[in-house]
Each structure stands twice: as structure tokens, then as C-alpha cells.
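File shown: protein_10.pdb. Contents: PDB, C-alpha atoms and all ligand atoms.
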ATOM      1  CA  MET A   1     -73.324  11.012  84.480
ATOM      2  CA  ASP A   2     -71.460  10.137  81.288
ATOM      3  CA  PRO A   3     -68.108  12.034  81.472
ATOM      4  CA  TYR A   4     -68.641  13.621  78.038
ATOM      5  CA  ILE A   5     -72.087  14.904  79.048
ATOM      6  CA  LYS A   6     -70.611  16.157  82.332
ATOM      7  CA  GLY A   7     -67.887  17.951  80.346
ATOM      8  CA  ASN A   8     -70.490  19.543  78.069
ATOM      9  CA  GLN A   9     -72.518  20.607  81.104
ATOM     10  CA  GLU A  10     -69.491  22.553  82.384
ATOM     11  CA  LEU A  11     -69.016  24.055  78.922
ATOM     12  CA  TRP A  12     -72.686  25.069  78.692
ATOM     13  CA  ASN A  13     -72.608  26.669  82.156
ATOM     14  CA  GLU A  14     -69.757  28.805  80.883
ATOM     15  CA  TRP A  15     -71.488  29.473  77.525
ATOM     16  CA  ALA A  16     -74.807  30.343  79.233
ATOM     17  CA  ASP A  17     -73.093  33.249  81.028
ATOM     18  CA  ILE A  18     -71.456  34.381  77.788
ATOM     19  CA  ASN A  19     -74.663  34.022  75.768
ATOM     20  CA  TYR A  20     -76.915  35.749  78.287
ATOM     21  CA  HIS A  21     -74.763  38.881  78.046
ATOM     22  CA  SER A  22     -74.185  38.687  74.261
ATOM     23  CA  ASP A  23     -75.575  40.875  71.477
ATOM     24  CA  PHE A  24     -76.455  37.638  69.654
ATOM     25  CA  TYR A  25     -79.091  36.729  72.270
ATOM     26  CA  ASP A  26     -80.021  40.406  72.951
ATOM     27  CA  VAL A  27     -81.833  39.705  76.232
ATOM     28  CA  ALA A  28     -82.820  43.377  76.738
ATOM     29  CA  GLY A  29     -84.373  43.486  73.242
ATOM     30  CA  PHE A  30     -86.152  40.202  73.939
ATOM     31  CA  VAL A  31     -87.654  41.470  77.210
ATOM     32  CA  ALA A  32     -88.867  44.624  75.427
ATOM     33  CA  HIS A  33     -90.260  42.806  72.324
ATOM     34  CA  PRO A  34     -90.467  39.112  73.166
ATOM     35  CA  ILE A  35     -93.066  37.761  70.776
ATOM     36  CA  ASN A  36     -91.241  37.532  67.446
ATOM     37  CA  PHE A  37     -89.555  34.209  66.797
ATOM     38  CA  PRO A  38     -86.451  35.088  64.771
ATOM     39  CA  GLU A  39     -86.753  32.260  62.212
ATOM     40  CA  GLY A  40     -89.192  33.900  59.810
ATOM     41  CA  GLY A  41     -92.259  32.153  61.184
ATOM     42  CA  ILE A  42     -90.953  28.580  60.676
ATOM     43  CA  ILE A  43     -91.268  27.742  64.369
ATOM     44  CA  ARG A  44     -94.656  29.443  64.839
ATOM     45  CA  ALA A  45     -96.078  27.626  61.808
ATOM     46  CA  GLY A  46     -94.450  24.299  62.681
ATOM     47  CA  VAL A  47     -95.617  24.206  66.280
ATOM     48  CA  GLY A  48     -99.033  25.623  65.399
ATOM     49  CA  ASP A  49    -101.542  27.176  67.766
ATOM     50  CA  VAL A  50    -100.418  26.588  71.356
ATOM     51  CA  ALA A  51    -103.090  28.543  73.269
ATOM     52  CA  GLY A  52    -104.233  26.445  76.225
ATOM     53  CA  LYS A  53    -101.877  23.570  75.310
ATOM     54  CA  SER A  54     -99.110  22.058  77.408
ATOM     55  CA  LEU A  55     -95.668  22.395  75.805
ATOM     56  CA  LEU A  56     -92.362  20.758  76.720
ATOM     57  CA  HIS A  57     -89.236  22.536  75.423
ATOM     58  CA  LEU A  58     -86.206  20.219  75.359
ATOM     59  CA  GLN A  59     -82.730  21.800  75.746
ATOM     60  CA  CYS A  60     -84.402  25.190  76.280
ATOM     61  CA  HIS A  61     -81.206  27.168  77.078
ATOM     62  CA  PHE A  62     -82.334  30.264  79.037
ATOM     63  CA  GLY A  63     -85.866  29.941  77.827
ATOM     64  CA  LYS A  64     -86.398  32.671  75.239
ATOM     65  CA  ASP A  65     -88.484  30.425  72.982
ATOM     66  CA  THR A  66     -90.127  28.762  76.007
ATOM     67  CA  LEU A  67     -91.311  32.179  77.207
ATOM     68  CA  ARG A  68     -92.448  33.163  73.711
ATOM     69  CA  PHE A  69     -94.746  30.136  73.787
ATOM     70  CA  ALA A  70     -95.947  31.132  77.283
ATOM     71  CA  LEU A  71     -96.879  34.537  75.850
ATOM     72  CA  LEU A  72     -98.881  32.735  73.151
ATOM     73  CA  GLY A  73    -100.902  31.017  75.878
ATOM     74  CA  ALA A  74     -99.109  27.662  76.250
ATOM     75  CA  HIS A  75     -98.500  26.033  79.658
ATOM     76  CA  VAL A  76     -94.751  25.693  79.303
ATOM     77  CA  THR A  77     -92.045  23.497  80.798
ATOM     78  CA  GLY A  78     -88.431  23.968  79.714
ATOM     79  CA  ILE A  79     -85.607  21.560  80.524
ATOM     80  CA  ASP A  80     -81.854  21.971  80.203
ATOM     81  CA  PHE A  81     -78.812  20.483  81.960
ATOM     82  CA  SER A  82     -77.101  23.851  82.556
ATOM     83  CA  GLU A  83     -77.757  25.259  86.045
ATOM     84  CA  GLN A  84     -76.718  28.671  84.743
ATOM     85  CA  ALA A  85     -79.139  28.562  81.808
ATOM     86  CA  ILE A  86     -82.021  27.371  84.001
ATOM     87  CA  GLY A  87     -81.201  30.074  86.584
ATOM     88  CA  TYR A  88     -81.386  32.757  83.876
ATOM     89  CA  ALA A  89     -84.606  31.229  82.479
ATOM     90  CA  ARG A  90     -86.287  31.448  85.894
ATOM     91  CA  GLU A  91     -85.016  35.019  86.330
ATOM     92  CA  LEU A  92     -86.422  36.026  82.909
ATOM     93  CA  ALA A  93     -89.800  34.396  83.651
ATOM     94  CA  ASN A  94     -89.970  36.351  86.946
ATOM     95  CA  ARG A  95     -88.937  39.596  85.298
ATOM     96  CA  MET A  96     -91.547  39.151  82.554
ATOM     97  CA  GLN A  97     -94.146  37.833  85.028
ATOM     98  CA  LEU A  98     -94.807  34.762  82.904
ATOM     99  CA  PRO A  99     -95.844  31.384  84.319
ATOM    100  CA  ALA A 100     -93.252  28.760  83.334
ATOM    101  CA  THR A 101     -91.650  25.676  84.877
ATOM    102  CA  PHE A 102     -87.926  25.158  84.301
ATOM    103  CA  ILE A 103     -86.232  21.893  85.239
ATOM    104  CA  GLN A 104     -82.484  21.433  85.406
ATOM    105  CA  THR A 105     -81.695  17.949  84.128
ATOM    106  CA  ALA A 106     -79.700  16.143  81.478
ATOM    107  CA  LEU A 107     -82.054  15.099  78.681
ATOM    108  CA  TYR A 108     -81.579  11.371  79.192
ATOM    109  CA  ASP A 109     -82.398  11.797  82.931
ATOM    110  CA  LEU A 110     -85.689  13.596  82.308
ATOM    111  CA  PRO A 111     -87.880  10.569  83.243
ATOM    112  CA  GLN A 112     -86.451  10.890  86.801
ATOM    113  CA  HIS A 113     -87.917  14.414  87.042
ATOM    114  CA  LEU A 114     -91.133  14.394  85.054
ATOM    115  CA  THR A 115     -94.000  11.978  84.468
ATOM    116  CA  GLU A 116     -96.531  14.255  82.747
ATOM    117  CA  GLN A 117     -97.213  14.046  78.996
ATOM    118  CA  PHE A 118     -97.531  17.133  76.780
ATOM    119  CA  ASP A 119     -99.610  18.291  73.802
ATOM    120  CA  VAL A 120     -96.448  19.631  72.153
ATOM    121  CA  VAL A 121     -92.771  18.679  72.431
ATOM    122  CA  PHE A 122     -90.453  21.254  70.857
ATOM    123  CA  THR A 123     -86.699  21.604  70.426
ATOM    124  CA  SER A 124     -84.517  23.791  68.209
ATOM    125  CA  GLN A 125     -81.270  25.272  66.981
ATOM    126  CA  GLY A 126     -78.117  23.497  68.096
ATOM    127  CA  VAL A 127     -79.437  20.628  70.196
ATOM    128  CA  LEU A 128     -78.837  17.183  68.610
ATOM    129  CA  GLY A 129     -75.056  17.358  68.263
ATOM    130  CA  TRP A 130     -74.669  17.352  72.061
ATOM    131  CA  LEU A 131     -76.421  13.981  72.343
ATOM    132  CA  PRO A 132     -74.410  10.790  71.832
ATOM    133  CA  ASP A 133     -77.397   8.537  71.074
ATOM    134  CA  LEU A 134     -80.389   9.717  69.051
ATOM    135  CA  GLN A 135     -82.405   6.567  69.639
ATOM    136  CA  ARG A 136     -82.521   7.529  73.339
ATOM    137  CA  TRP A 137     -83.563  11.052  72.295
ATOM    138  CA  GLY A 138     -86.421   9.681  70.144
ATOM    139  CA  GLN A 139     -87.533   7.539  73.069
ATOM    140  CA  ILE A 140     -87.701  10.644  75.323
ATOM    141  CA  VAL A 141     -89.638  12.634  72.700
ATOM    142  CA  ALA A 142     -92.208   9.833  72.329
ATOM    143  CA  GLN A 143     -92.477   9.191  76.083
ATOM    144  CA  PHE A 144     -93.380  12.813  76.894
ATOM    145  CA  LEU A 145     -95.861  13.340  74.055
ATOM    146  CA  LYS A 146     -99.540  12.706  74.640
ATOM    147  CA  PRO A 147    -101.238  10.437  72.094
ATOM    148  CA  GLY A 148    -102.276  12.814  69.296
ATOM    149  CA  GLY A 149     -99.573  15.306  70.349
ATOM    150  CA  THR A 150     -97.227  17.212  68.021
ATOM    151  CA  PHE A 151     -93.439  17.182  67.893
ATOM    152  CA  PHE A 152     -91.513  19.946  66.099
ATOM    153  CA  ILE A 153     -87.797  20.494  65.588
ATOM    154  CA  LEU A 154     -85.887  23.201  63.698
ATOM    155  CA  GLU A 155     -82.193  22.326  63.673
ATOM    156  CA  GLY A 156     -78.851  22.748  61.908
ATOM    157  CA  HIS A 157     -78.632  20.352  58.944
ATOM    158  CA  PRO A 158     -76.275  17.338  59.275
ATOM    159  CA  THR A 159     -74.614  18.303  55.974
ATOM    160  CA  MET A 160     -73.779  21.771  57.296
ATOM    161  CA  LEU A 161     -72.012  20.162  60.252
ATOM    162  CA  MET A 162     -69.438  18.531  57.938
ATOM    163  CA  PHE A 163     -67.644  21.795  57.101
ATOM    164  CA  ASP A 164     -64.551  23.201  58.772
ATOM    165  CA  GLU A 165     -65.776  25.867  61.194
ATOM    166  CA  GLU A 166     -62.443  27.728  60.997
ATOM    167  CA  SER A 167     -61.537  27.687  57.316
ATOM    168  CA  ALA A 168     -62.367  30.762  55.204
ATOM    169  CA  GLU A 169     -62.721  28.370  52.234
ATOM    170  CA  LEU A 170     -65.449  25.779  52.166
ATOM    171  CA  ARG A 171     -63.651  22.628  53.341
ATOM    172  CA  LEU A 172     -64.981  19.256  54.512
ATOM    173  CA  LYS A 173     -63.696  18.363  57.971
ATOM    174  CA  TYR A 174     -66.158  15.952  59.620
ATOM    175  CA  SER A 175     -67.775  12.728  58.429
ATOM    176  CA  TYR A 176     -71.479  12.852  57.618
ATOM    177  CA  PHE A 177     -71.995   9.593  59.506
ATOM    178  CA  HIS A 178     -72.243   8.976  63.237
ATOM    179  CA  SER A 179     -69.384   7.610  65.299
ATOM    180  CA  ASP A 180     -69.678   6.679  68.985
ATOM    181  CA  ASP A 181     -66.398   8.534  69.587
ATOM    182  CA  PRO A 182     -67.126  12.220  70.057
ATOM    183  CA  ILE A 183     -65.610  15.043  68.084
ATOM    184  CA  VAL A 184     -63.431  16.796  70.666
ATOM    185  CA  ILE A 185     -62.786  20.515  70.331
ATOM    186  CA  GLU A 186     -60.168  21.930  72.676
ATOM    187  CA  PRO A 187     -60.924  25.189  74.551
ATOM    188  CA  HIS A 188     -60.489  28.185  72.306
ATOM    189  CA  SER A 189     -61.493  31.806  72.569
ATOM    190  CA  GLY A 190     -65.032  32.697  71.528
ATOM    191  CA  ASN A 191     -68.243  30.821  70.872
ATOM    192  CA  TYR A 192     -71.067  31.185  68.346
ATOM    193  CA  ALA A 193     -72.633  34.067  70.306
ATOM    194  CA  ASP A 194     -69.484  36.024  71.188
ATOM    195  CA  PRO A 195     -66.232  35.508  69.240
ATOM    196  CA  THR A 196     -64.261  37.451  71.881
ATOM    197  CA  ALA A 197     -65.333  35.446  74.955
ATOM    198  CA  THR A 198     -62.887  33.439  77.055
ATOM    199  CA  VAL A 199     -63.801  29.736  77.130
ATOM    200  CA  THR A 200     -62.009  27.181  79.310
ATOM    201  CA  HIS A 201     -63.863  23.909  78.631
ATOM    202  CA  ARG A 202     -63.729  21.295  75.857
ATOM    203  CA  GLU A 203     -66.637  20.573  73.524
ATOM    204  CA  TYR A 204     -67.778  17.004  72.870
ATOM    205  CA  SER A 205     -70.196  16.502  70.004
ATOM    206  CA  TRP A 206     -71.548  13.817  67.702
ATOM    207  CA  GLN A 207     -72.637  13.790  64.070
ATOM    208  CA  HIS A 208     -76.070  12.330  63.245
ATOM    209  CA  SER A 209     -77.173  11.674  59.701
ATOM    210  CA  MET A 210     -80.634  12.672  58.484
ATOM    211  CA  ALA A 211     -81.510   8.953  58.505
ATOM    212  CA  ASP A 212     -80.465   8.725  62.192
ATOM    213  CA  ILE A 213     -82.721  11.667  63.050
ATOM    214  CA  VAL A 214     -85.751  10.433  61.109
ATOM    215  CA  ASN A 215     -85.337   6.844  62.310
ATOM    216  CA  ALA A 216     -85.043   7.941  65.968
ATOM    217  CA  LEU A 217     -88.589   9.307  65.648
ATOM    218  CA  LEU A 218     -90.027   6.502  63.474
ATOM    219  CA  THR A 219     -88.623   3.744  65.717
ATOM    220  CA  HIS A 220     -90.538   5.222  68.639
ATOM    221  CA  GLY A 221     -93.829   5.346  66.794
ATOM    222  CA  LEU A 222     -94.012   8.962  65.633
ATOM    223  CA  GLN A 223     -95.593   9.696  62.266
ATOM    224  CA  ILE A 224     -93.738  12.323  60.258
ATOM    225  CA  GLU A 225     -95.956  14.919  58.590
ATOM    226  CA  TYR A 226     -93.054  16.684  56.857
ATOM    227  CA  LEU A 227     -89.302  17.050  56.650
ATOM    228  CA  ARG A 228     -88.154  20.374  55.148
ATOM    229  CA  GLU A 229     -84.655  21.565  54.287
ATOM    230  CA  TYR A 230     -83.604  25.223  54.143
ATOM    231  CA  PRO A 231     -80.601  27.024  52.561
ATOM    232  CA  PHE A 232     -80.217  29.246  55.653
ATOM    233  CA  MET A 233     -79.565  28.863  59.366
ATOM    234  CA  GLY A 234     -79.618  30.906  62.574
ATOM    235  CA  TRP A 235     -75.887  31.230  63.281
ATOM    236  CA  GLN A 236     -72.668  31.318  61.263
ATOM    237  CA  GLY A 237     -71.980  27.581  61.022
ATOM    238  CA  PHE A 238     -68.768  28.194  59.017
ATOM    239  CA  PRO A 239     -66.992  31.316  57.722
ATOM    240  CA  ALA A 240     -68.186  31.067  54.077
ATOM    241  CA  LEU A 241     -71.742  31.936  55.165
ATOM    242  CA  VAL A 242     -72.995  35.512  54.859
ATOM    243  CA  GLN A 243     -75.730  37.150  56.896
ATOM    244  CA  GLN A 244     -78.937  38.385  55.337
ATOM    245  CA  ASP A 245     -82.117  39.402  57.162
ATOM    246  CA  GLY A 246     -80.818  37.868  60.393
ATOM    247  CA  GLU A 247     -80.165  34.409  58.833
ATOM    248  CA  TRP A 248     -76.908  32.936  57.496
ATOM    249  CA  SER A 249     -76.619  31.393  54.022
ATOM    250  CA  MET A 250     -74.171  30.762  51.159
ATOM    251  CA  PRO A 251     -73.539  33.903  49.070
ATOM    252  CA  ALA A 252     -76.322  34.271  46.483
ATOM    253  CA  ASP A 253     -73.953  33.653  43.521
ATOM    254  CA  GLN A 254     -72.709  30.308  44.958
ATOM    255  CA  PRO A 255     -74.296  26.830  44.880
ATOM    256  CA  GLN A 256     -76.678  26.550  47.830
ATOM    257  CA  LEU A 257     -76.347  23.978  50.631
ATOM    258  CA  PRO A 258     -78.912  22.558  53.055
ATOM    259  CA  LEU A 259     -78.098  24.471  56.257
ATOM    260  CA  SER A 260     -81.108  23.741  58.466
ATOM    261  CA  PHE A 261     -84.106  21.434  58.514
ATOM    262  CA  ALA A 262     -87.472  21.107  60.212
ATOM    263  CA  ILE A 263     -89.527  18.035  61.088
ATOM    264  CA  ARG A 264     -93.132  18.060  62.196
ATOM    265  CA  ALA A 265     -94.398  14.736  63.542
ATOM    266  CA  HIS A 266     -97.288  13.348  65.562
ATOM    267  CA  LYS A 267     -97.757  10.585  68.093
ATOM    268  CA  PRO A 268    -100.716   8.514  66.919
ATOM    269  CA  GLU A 269    -103.909   8.437  69.011
ATOM    270  CA  VAL A 270    -104.228   5.110  70.798
TER
HETATM  271  C1  LIG B 301     -77.673  25.909  71.340
HETATM  272  S1  LIG B 301     -78.592  25.725  72.803
HETATM  273  C2  LIG B 301     -80.230  25.646  72.251
HETATM  274  C3  LIG B 301     -80.642  26.985  71.815
HETATM  275  C4  LIG B 301     -82.054  27.321  72.175
HETATM  276  N1  LIG B 301     -82.952  26.572  71.351
HETATM  277  C5  LIG B 301     -82.234  28.796  71.978
HETATM  278  O1  LIG B 301     -82.799  29.188  70.948
HETATM  279  O2  LIG B 301     -81.807  29.543  72.840
HETATM  280  C6  LIG B 301     -78.312  24.058  73.275
HETATM  281  C7  LIG B 301     -78.795  23.785  74.697
HETATM  282  O3  LIG B 301     -78.695  22.367  74.904
HETATM  283  C8  LIG B 301     -78.345  22.164  76.254
HETATM  284  N2  LIG B 301     -77.832  20.789  76.363
HETATM  285  C9  LIG B 301     -76.756  20.268  75.714
HETATM  286  N3  LIG B 301     -76.638  18.961  76.027
HETATM  287  C10 LIG B 301     -77.660  18.660  76.876
HETATM  288  C11 LIG B 301     -78.059  17.471  77.550
HETATM  289  N4  LIG B 301     -77.386  16.323  77.411
HETATM  290  N5  LIG B 301     -79.152  17.524  78.335
HETATM  291  C12 LIG B 301     -79.849  18.686  78.503
HETATM  292  N6  LIG B 301     -79.487  19.852  77.905
HETATM  293  C13 LIG B 301     -78.414  19.825  77.092
HETATM  294  C14 LIG B 301     -77.344  23.271  76.552
HETATM  295  O4  LIG B 301     -77.214  23.539  77.938
HETATM  296  C15 LIG B 301     -77.954  24.441  75.775
HETATM  297  O5  LIG B 301     -78.739  25.238  76.612
END
Take the structure in this file and express it as C-alpha cells.
Ligand SMILES: C[S@@+](CC[C@H](N)C(=O)[O-])C[C@H]1O[C@@H](n2cnc3c(N)ncnc32)[C@H](O)[C@@H]1O
Amino acid sequence: MDPYIKGNQELWNEWADINYHSDFYDVAGFVAHPINFPEGGIIRAGVGDVAGKSLLHLQCHFGKDTLRFALLGAHVTGIDFSEQAIGYARELANRMQLPATFIQTALYDLPQHLTEQFDVVFTSQGVLGWLPDLQRWGQIVAQFLKPGGTFFILEGHPTMLMFDEESAELRLKYSYFHSDDPIVIEPHSGNYADPTATVTHREYSWQHSMADIVNALLTHGLQIEYLREYPFMGWQGFPALVQQDGEWSMPADQPQLPLSFAIRAHKPEV
């Protein structure tokens, strides 16, 4: 395995433990009231009716959204490279008595574990920056979609990822454009779900422009139905953002930035 991906796998095993026990992920609340997607209906509307459909969730973490789709009647498969996250996902599915398949694999290795194609491929919220090569990601999305199938992503906006995550003032820190060299963040206390947690591993991440994201899908034959940009996001990407109704955005009296985006696309019928 690529050493950067291996490093991120160790980080995500550590973060999965932190996240599973965090208020941010509120696992107890989820088990009690699992059906509401937190993003104001964007995911439900974007993925559409899943009853009776097969759904592949890429980078599923510990499967909250995967299990929400199972509750809506989808036949779900979630994949993630973190053993810890996949262990928790299986535990949650058992506890909630929901049928779900969870596979522990790095995204680029998925073809070694799965041959089936799906009606829906879904991924969301903090996934692309961990992947060094989006063309390989687009290839995986296309490979696992049935002809006529739907792809949906809700993700942090590439512009949002340019800002200094530590500065109280809005300050540019990272280039908008991709570089093959990863951004390396040394271990520091806290993560997005728990600012007090102890973390011992480095983070390796990559910027991808909106053109990189769109072209990764177009190159592999997907047809884009829409690309939407939103002035809010699901976590505090940088300190200038304020929380309102569970989402984070620029204060209302400030110029607004694109903080997240959604793409709905289809694989053409043959
Ligand atoms: C921020 S989480 C996704 C959040 C998830 N959508 C949710 O709502 O809980 C990112 C996930 O990507 C996974 N991941 C990162 N790099 C990966 C890779 N190369 N292959 C597979 N999974 C990866 C991590 O283990 C983590 O579970």
C-alpha cells in the first residue's frame, strides 16, 4: 500500500475510536432516531428513492449514512479502509438489526474485493482530500455503477479547503490546485469531532480543484445532471465559521463563500 495511504489508515483507525465516542457523531442519538440525514434533505433528495435498490457507500466511516439508507429499504454495502470504522459499522448494524455488508478495503483496492455493480454509488463529507488521484476515484465510481445507475456526492468545497484551519482570521494557506506532494499535518491534539482528543498520527491530504472533480467523472463516462454549491458545510472547516441549525457558515453579515458542493450524475444505459 502507498505509504501515505497506510499512514492515513493508521490516523483513521485512531480517529474512528475518537469519533465513535464523540458528541459530534452522537451514536446513541443516532441509534434512537436514525432516519434523519443531518444535511437538510440534500442527501435524501440527491440520492433519490432507494427502496429495493442496491447502494454502494464509498468511504462509509462507521456506516451511519449507510444504515440510514438500509432503513429506507436499500440493499447496502459500505466500504472503508479503517478496520476500526468497519468494526463499529458492523456492530451498529447488529445492534440495529439492519442487513448491511461492510468491507474493509482501501478505495483503490476495491476491485480486489467486489465485482458487483450497484444502482447507486454514494459518498459524502470529507472523502476526496484523502485520495491522491481523483482520476482513479472516478474510474472506481464508474466501474461499480450499473448502466443507468446514479452517483451522488455531497462534499466540502475545494475553495473552503484553501483556508488556514487554525487562524481566527480568514487567511489563505493552501493552493486551490492539486499537487502530487501531499499536505502533511503533524500530530496535534484534537480532530474535527473532538477538539480535546489525543492524536498520534500524521495527516496526508491532497487538494483537488472543482475541475479535477468534475473531469474525474466525465472522463469515465458519467453524465452530470447538476453541480450545486452551498454557503454552509457539516463541520467547522476553519475558525471564522459559525454554527447555525447544525451547519457551519460565514457569519450572516460577511461575504459568503462556497463551503460545500453536491454532484448528481448518471452512468448512461448501454
Ligand atoms: C470524514 S469520513 C467520511 C464521513 C462519512 N461520510 C460520515 O458521514 O460519517 C472519511 C472516511 O474516509 C475513509 N478513508 C480515507 N481514505 C480512504 C481510502 N484511501 N480508502 C478507503 N477509505 C478511506 C476514512 O477511514 C473515513 O472513514
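With distances restricted to all atoms listed in the file, A:Ser124 is the closest residue to ligand LIG 301 (chain B) from A:Thr159, A:Ser209, A:Thr115, A:Ser124.
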Within 9 Å of ligand LIG 301 (chain B) (all atoms listed in the file), residues as a PDB file with C-alpha atoms, in the frame of the given file:
ATOM      1  CA  ILE A   5     -72.087  14.904  79.048  1.00  0.00           C
ATOM      2  CA  LYS A   6     -70.611  16.157  82.332  1.00  0.00           C
ATOM      3  CA  ASN A   8     -70.490  19.543  78.069  1.00  0.00           C
ATOM      4  CA  GLN A   9     -72.518  20.607  81.104  1.00  0.00           C
ATOM      5  CA  GLU A  10     -69.491  22.553  82.384  1.00  0.00           C
ATOM      6  CA  LEU A  11     -69.016  24.055  78.922  1.00  0.00           C
ATOM      7  CA  TRP A  12     -72.686  25.069  78.692  1.00  0.00           C
ATOM      8  CA  ASN A  13     -72.608  26.669  82.156  1.00  0.00           C
ATOM      9  CA  TRP A  15     -71.488  29.473  77.525  1.00  0.00           C
ATOM     10  CA  ALA A  16     -74.807  30.343  79.233  1.00  0.00           C
ATOM     11  CA  ASN A  19     -74.663  34.022  75.768  1.00  0.00           C
ATOM     12  CA  TYR A  25     -79.091  36.729  72.270  1.00  0.00           C
ATOM     13  CA  HIS A  57     -89.236  22.536  75.423  1.00  0.00           C
ATOM     14  CA  LEU A  58     -86.206  20.219  75.359  1.00  0.00           C
ATOM     15  CA  GLN A  59     -82.730  21.800  75.746  1.00  0.00           C
ATOM     16  CA  CYS A  60     -84.402  25.190  76.280  1.00  0.00           C
ATOM     17  CA  HIS A  61     -81.206  27.168  77.078  1.00  0.00           C
ATOM     18  CA  PHE A  62     -82.334  30.264  79.037  1.00  0.00           C
ATOM     19  CA  GLY A  63     -85.866  29.941  77.827  1.00  0.00           C
ATOM     20  CA  LYS A  64     -86.398  32.671  75.239  1.00  0.00           C
ATOM     21  CA  ASP A  65     -88.484  30.425  72.982  1.00  0.00           C
ATOM     22  CA  THR A  66     -90.127  28.762  76.007  1.00  0.00           C
ATOM     23  CA  ILE A  79     -85.607  21.560  80.524  1.00  0.00           C
ATOM     24  CA  ASP A  80     -81.854  21.971  80.203  1.00  0.00           C
ATOM     25  CA  PHE A  81     -78.812  20.483  81.960  1.00  0.00           C
ATOM     26  CA  SER A  82     -77.101  23.851  82.556  1.00  0.00           C
ATOM     27  CA  GLU A  83     -77.757  25.259  86.045  1.00  0.00           C
ATOM     28  CA  GLN A  84     -76.718  28.671  84.743  1.00  0.00           C
ATOM     29  CA  ALA A  85     -79.139  28.562  81.808  1.00  0.00           C
ATOM     30  CA  ILE A  86     -82.021  27.371  84.001  1.00  0.00           C
ATOM     31  CA  GLN A 104     -82.484  21.433  85.406  1.00  0.00           C
ATOM     32  CA  THR A 105     -81.695  17.949  84.128  1.00  0.00           C
ATOM     33  CA  ALA A 106     -79.700  16.143  81.478  1.00  0.00           C
ATOM     34  CA  LEU A 107     -82.054  15.099  78.681  1.00  0.00           C
ATOM     35  CA  TYR A 108     -81.579  11.371  79.192  1.00  0.00           C
ATOM     36  CA  ASP A 109     -82.398  11.797  82.931  1.00  0.00           C
ATOM     37  CA  LEU A 110     -85.689  13.596  82.308  1.00  0.00           C
ATOM     38  CA  THR A 123     -86.699  21.604  70.426  1.00  0.00           C
ATOM     39  CA  SER A 124     -84.517  23.791  68.209  1.00  0.00           C
ATOM     40  CA  GLN A 125     -81.270  25.272  66.981  1.00  0.00           C
ATOM     41  CA  GLY A 126     -78.117  23.497  68.096  1.00  0.00           C
ATOM     42  CA  VAL A 127     -79.437  20.628  70.196  1.00  0.00           C
ATOM     43  CA  LEU A 128     -78.837  17.183  68.610  1.00  0.00           C
ATOM     44  CA  GLY A 129     -75.056  17.358  68.263  1.00  0.00           C
ATOM     45  CA  TRP A 130     -74.669  17.352  72.061  1.00  0.00           C
ATOM     46  CA  LEU A 131     -76.421  13.981  72.343  1.00  0.00           C
ATOM     47  CA  PRO A 132     -74.410  10.790  71.832  1.00  0.00           C
ATOM     48  CA  LEU A 154     -85.887  23.201  63.698  1.00  0.00           C
ATOM     49  CA  GLU A 155     -82.193  22.326  63.673  1.00  0.00           C
ATOM     50  CA  TYR A 192     -71.067  31.185  68.346  1.00  0.00           C
TER      51      TYR A 192
END
Have a look at A:Ala211, A:Phe238, A:Asp133, A:Pro231 and name the one nearest to A:Arg171; count all atoms listed in the file. A:Phe238
Surrounding residues of A:Gln207 excluding itself and chain neighbours under 3 positions, 8 Å, all atoms listed in the file, as a CSV table (one decimal) with C-alpha atoms, keeping the file's coordinate frame:
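Output (result36.csv):
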chain,number,residue,atom,x,y,z
A,129,GLY,CA,-75.1,17.4,68.3
A,158,PRO,CA,-76.3,17.3,59.3
A,161,LEU,CA,-72.0,20.2,60.3
A,175,SER,CA,-67.8,12.7,58.4
A,176,TYR,CA,-71.5,12.9,57.6
A,177,PHE,CA,-72.0,9.6,59.5
A,178,HIS,CA,-72.2,9.0,63.2
A,179,SER,CA,-69.4,7.6,65.3
Show me as a VMD selection string the residues that reach within 12 Å of (-105.1, 24.4, 66.6), counting only C-alpha atoms and using the file's own coordinates. chain A and resid 44 to 53 74 119 to 120 149 to 150
Select all residues near (-90.2, 37.2, 70.3) (cut-off 10 Å, inclusive, file coordinates), counting all atoms listed in the file, and output them as an MDAnalysis selection string. chainID A and resid 29:38 64:65 67:69 71
Residues within 9 Å of A:Glu169, all atoms listed in the file, excluding chain neighbours under 5 positions, as a list in words: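 So, after excluding close chain neighbours, the residues are Asp164, Pro239 and Ala240 of chain A.
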Evaluate the PyMOL selection byres (((chain A and resi 249-261) around 9) and not hetatm) and report residues as a ChimeraX atom specification: /A:125,153-161,227-234,236-237,240-244,247-248,262-263
Since I can't run it myself right now, could you work out what the PyMOL selection byres (((chain A and resi 134) around 9) and not hetatm) selects here and report it as a PyMOL selection string? chain A and resi 128+131-133+135-139+208+212-213+215-217
